[in-house]
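Taking it in order: structure first as structure tokens, then the write-up.
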Amino acid sequence: LSLFAVKSEEQFLKGEDCGQFKPEFTYHTFGDDEIIGGYRDLKITIWLHAHTLAAYVESSFSEAVSRFSSFKKDDYTAKLMEDFPSWLHTDREQFLQTLRSENSNWLSMLGTPLGLGKDGYKLIHIPTYTSQNLTEASDNVRKCHERAQSLVFFFIDGASVIELDDRLEQLLLVKEEGGLAFCGFKTLYNFFSYPDSTRIRLSQMLVLPPYQRQGLAYEILSRAHKMVLERSSHDLSVEDASDSFTRVRDLHDLRILLQDKLFANEAKACCERF
């Protein structure tokens, strides 16, 4: 199974991609053994529109078990459709029509753009929505949230679907590439903290593989920390942090501590002793 990101109809028709990557986990879709039975030399490709996250799946194989065989072949398309309910196209022409019709800059309409300090990259802040807004004014927000959620199962171990409600806000990582290309996201939950503050929980964070190892996860975490300080929130907690995220958080926390003169002097003295 491979994923290919494309930015335009022309790229897709030429078979060009702006980023190929493979999922780290597939057990949520194909079972604990991560096996698709009944095929030889099976190759599954998911084409992902970088600007809208619309997707198209195609596959090839050299041989499949006969329908008269006692061994049943797995319906991998149906399993993928469970994770990509209404935006995974199995018809090539329908996907092409989607590429032509959907606005390549629609991500910019979802919230407030924030600078990130990295060339070409931005964060789109999508605030919490009231219950009324969720039903009347957030079709695009809901669409973006649901499409982004489909990707977490491939890259976050033990991931689960987060429902869009009035405590949730998001930071979308995008890059200006002939339109705003989706690069990743972070979801934050706001909880009341007695008597008049909030607690913020970081629930999910994902940077897609083509955009990793550029310090972007660190920048997103820094932005979330800045939001906590600006709001005088009680704290910023993390839900079930992965090893890779823990490394980013430790680096971020260490740099904050080193800004404290007393701690910095102690750390320097400690290093000199060794």
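Residues in the structure tokens are numbered from 1 in each chain, the chains being A, B, ... in the order shown, and ligands are numbered from 1 in the order shown.
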
message = So that I can check the surroundings of His89 (chain A), please list as a list in words every protein, DNA and RNA residue that reaches within 9 Å of it, counting only C-alpha atoms and ignoring chain neighbours fewer than 5 positions away.
response =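 Once the adjacent positions are removed, what remains is Ala54, Ala55, Tyr56, Val57, Met81, Gln94 and Phe95 of chain A.
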
File of the preceding selection, N, CA, C and O atoms, as a short mmCIF file (atom, residue, chain, number, x, y, z; two decimals), in the first residue's frame:
data_model
loop_
_atom_site.label_atom_id
_atom_site.label_comp_id
_atom_site.auth_asym_id
_atom_site.auth_seq_id
_atom_site.Cartn_x
_atom_site.Cartn_y
_atom_site.Cartn_z
N ALA A 54 -9.17 14.86 -0.98
CA ALA A 54 -9.97 13.89 -1.72
C ALA A 54 -9.03 12.76 -2.16
O ALA A 54 -7.85 12.99 -2.43
N ALA A 55 -9.55 11.53 -2.24
CA ALA A 55 -8.68 10.38 -2.49
C ALA A 55 -9.28 9.46 -3.56
O ALA A 55 -10.50 9.41 -3.76
N TYR A 56 -8.39 8.73 -4.21
CA TYR A 56 -8.78 7.75 -5.23
C TYR A 56 -7.91 6.51 -5.05
O TYR A 56 -6.69 6.61 -4.88
N VAL A 57 -8.54 5.34 -5.05
CA VAL A 57 -7.80 4.10 -4.87
C VAL A 57 -7.82 3.28 -6.15
O VAL A 57 -8.83 3.18 -6.83
N MET A 81 -12.92 1.84 2.45
CA MET A 81 -14.07 2.75 2.44
C MET A 81 -14.60 3.01 3.84
O MET A 81 -15.22 4.04 4.10
N GLN A 94 -14.63 10.11 -11.66
CA GLN A 94 -15.19 10.87 -10.54
C GLN A 94 -14.10 11.62 -9.79
O GLN A 94 -14.28 12.77 -9.37
N PHE A 95 -12.95 10.98 -9.63
CA PHE A 95 -11.83 11.65 -8.95
C PHE A 95 -11.33 12.82 -9.78
O PHE A 95 -11.04 13.90 -9.24
#

request  = Tell me, as a VMD selection string, which residues lie within 6 Å of region 140-155 of chain A, counting only C-alpha atoms; anything in the same chain fewer than 6 positions away does not count.
outcome  = chain A and resid 23 to 26 83 to 84

request  = Write down as a PyMOL selection string the residues of region 54-257 of chain A whose backbone DSSP state falls under strand (DSSP E or B).
outcome  = chain A and resi 55-60+63-64+88-89+112-115+121-126+168-176+180-193+197-207+235-238

Which residues come within 6 Å of His51 (chain A), counting only C-alpha atoms, excluding same-chain residues fewer than 3 positions away, as a PDB file with N, CA, C and O atoms, in the first residue's frame?
ATOM      1  N   SER A 104      -8.762  24.803  -4.765  1.00  0.00           N
ATOM      2  CA  SER A 104      -7.456  24.429  -4.236  1.00  0.00           C
ATOM      3  C   SER A 104      -7.040  25.280  -3.038  1.00  0.00           C
ATOM      4  O   SER A 104      -6.052  24.978  -2.372  1.00  0.00           O
ATOM      5  N   LEU A 180      -2.977  25.886  -1.292  1.00  0.00           N
ATOM      6  CA  LEU A 180      -2.536  25.447   0.033  1.00  0.00           C
ATOM      7  C   LEU A 180      -2.562  23.925   0.117  1.00  0.00           C
ATOM      8  O   LEU A 180      -3.621  23.311   0.071  1.00  0.00           O
ATOM      9  N   ALA A 181      -1.386  23.331   0.228  1.00  0.00           N
ATOM     10  CA  ALA A 181      -1.270  21.880   0.344  1.00  0.00           C
ATOM     11  C   ALA A 181      -1.334  21.475   1.806  1.00  0.00           C
ATOM     12  O   ALA A 181      -0.666  22.071   2.658  1.00  0.00           O
ATOM     13  N   PHE A 182      -2.123  20.453   2.111  1.00  0.00           N
ATOM     14  CA  PHE A 182      -2.250  19.941   3.468  1.00  0.00           C
ATOM     15  C   PHE A 182      -0.982  19.176   3.829  1.00  0.00           C
ATOM     16  O   PHE A 182      -0.567  18.268   3.118  1.00  0.00           O
TER      17      PHE A 182
END

key: Two-atom distance - CA of Pro127 (chain A), CA of Phe191 (chain A) (Å)   =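 Result for CA of Pro127 (chain A) versus CA of Phe191 (chain A): 14.0 Å, one decimal.
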